[in-house]
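Everything on this sheet refers to the single structure shown next.
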Amino acid sequence: MKYLVFLFLLVLAAGLIYWRLRPYINAARRVFGVVRDAQQRVNAPPSQAADATRREAHAPRARAGENLVRCGACGTWLPASRALSLGSSVYCSHACLERSVDAPRHTRRSAS
Ligand SMILES: [Zn+2]
């Protein structure tokens, strides 16, 4: 019976200590999280830069906020600087341009 009381007091003391230390434990956990966050942020930029470089290689002339134009043959939207213009129509590629020339949608001589 005496041991039981002792054990109870021990648990109570441990609980009290844990309760008193809880703010510090939370603070330490937050600090650890911040450190981990900072490490991720430090590690992130190089890969993002690599991604940007890769995007740049794929679309060297494309810029954010640029006007988009629609391909007259396939309907693909693309930056105006990358479009091939033929008169008033624009096309995304030489293939589409040739396709449009071969089979124009709006012919002036519709009856033939
Ligand atoms: Zn096209």
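Please note that chains go A, B, ... in the order of the structure tokens, that every chain numbers its residues from 1, and that ligands are numbered from 1 in the order shown.
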Select the residues contacting ligand 1 at a distance of at most 10 Å, based on only C-alpha atoms and all ligand atoms, then format the selection as a list of chain:residue names. A:Arg70, A:Cys71, A:Gly72, A:Ala73, A:Cys74, A:Gly75, A:Thr76, A:Trp77, A:Leu78, A:Ala83, A:Leu84, A:Val90, A:Tyr91, A:Cys92, A:Ser93, A:His94, A:Ala95, A:Cys96, A:Leu97, A:Glu98, A:Arg99, A:Ser100
Only N, CA and C atoms, please: the residues just picked out, written as a tab-separated table (two decimals), in the first residue's frame.
chain	number	residue	atom	x	y	z
A	70	ARG	N	-3.90	32.62	-80.70
A	70	ARG	CA	-4.39	31.28	-80.93
A	70	ARG	C	-4.01	30.81	-82.32
A	71	CYS	N	-3.50	29.59	-82.38
A	71	CYS	CA	-3.13	29.00	-83.66
A	71	CYS	C	-4.38	28.85	-84.53
A	72	GLY	N	-4.28	29.31	-85.76
A	72	GLY	CA	-5.44	29.26	-86.64
A	72	GLY	C	-5.77	27.86	-87.12
A	73	ALA	N	-4.85	26.91	-87.00
A	73	ALA	CA	-5.09	25.55	-87.49
A	73	ALA	C	-5.51	24.60	-86.39
A	74	CYS	N	-4.78	24.57	-85.29
A	74	CYS	CA	-5.08	23.58	-84.25
A	74	CYS	C	-5.70	24.20	-83.02
A	75	GLY	N	-5.72	25.53	-82.92
A	75	GLY	CA	-6.38	26.18	-81.80
A	75	GLY	C	-5.54	26.26	-80.54
A	76	THR	N	-4.26	25.96	-80.61
A	76	THR	CA	-3.39	26.04	-79.45
A	76	THR	C	-3.07	27.49	-79.13
A	77	TRP	N	-3.14	27.82	-77.83
A	77	TRP	CA	-2.76	29.16	-77.40
A	77	TRP	C	-1.27	29.19	-77.15
A	78	LEU	N	-0.61	30.23	-77.63
A	78	LEU	CA	0.84	30.34	-77.43
A	78	LEU	C	1.23	31.81	-77.38
A	83	ALA	N	4.67	32.79	-82.03
A	83	ALA	CA	3.72	32.43	-83.08
A	83	ALA	C	4.28	32.78	-84.46
A	84	LEU	N	3.88	32.00	-85.45
A	84	LEU	CA	4.21	32.31	-86.84
A	84	LEU	C	3.01	33.04	-87.42
A	90	VAL	N	-2.35	33.57	-87.24
A	90	VAL	CA	-1.11	33.13	-86.59
A	90	VAL	C	-1.18	31.63	-86.40
A	91	TYR	N	-0.01	31.01	-86.40
A	91	TYR	CA	0.07	29.55	-86.27
A	91	TYR	C	1.16	29.19	-85.28
A	92	CYS	N	1.02	28.02	-84.66
A	92	CYS	CA	1.95	27.61	-83.61
A	92	CYS	C	3.20	26.99	-84.22
A	93	SER	N	3.10	26.45	-85.42
A	93	SER	CA	4.24	25.76	-86.00
A	93	SER	C	4.14	25.80	-87.51
A	94	HIS	N	5.22	25.45	-88.16
A	94	HIS	CA	5.22	25.38	-89.62
A	94	HIS	C	4.23	24.32	-90.10
A	95	ALA	N	4.09	23.24	-89.34
A	95	ALA	CA	3.16	22.17	-89.72
A	95	ALA	C	1.74	22.72	-89.80
A	96	CYS	N	1.37	23.50	-88.78
A	96	CYS	CA	0.02	24.06	-88.76
A	96	CYS	C	-0.13	25.07	-89.89
A	97	LEU	N	0.91	25.84	-90.13
A	97	LEU	CA	0.85	26.83	-91.20
A	97	LEU	C	0.60	26.14	-92.54
A	98	GLU	N	1.37	25.08	-92.77
A	98	GLU	CA	1.22	24.35	-94.03
A	98	GLU	C	-0.14	23.68	-94.13
A	99	ARG	N	-0.61	23.15	-93.00
A	99	ARG	CA	-1.92	22.51	-92.99
A	99	ARG	C	-3.00	23.53	-93.33
A	100	SER	N	-2.84	24.73	-92.78
A	100	SER	CA	-3.82	25.78	-93.04
A	100	SER	C	-3.79	26.21	-94.51
Å distance separating atom CA of Val31 of chain A from atom CA of Ala14 of chain A, one decimal place: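 Going from atom CA of Val31 of chain A over to atom CA of Ala14 of chain A covers 24.2 Å.
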Calculated over only C-alpha atoms, which of the candidates A:Val69, A:Asp102, A:Val11, A:Gln40 has the smallest distance to Ser89 of chain A?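 Ranked by minimum distance to Ser89 of chain A, first place goes to A:Val69.
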Between atom CA of Leu86 of chain A and atom CA of Ala103 of chain A lies a distance of 14.6 Å
Which distance in Å separates atom CA of Leu7 of chain A and atom CA of Arg20 of chain A, to one decimal?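 Interatomic distance, atom CA of Leu7 of chain A to atom CA of Arg20 of chain A: 19.7 Å.
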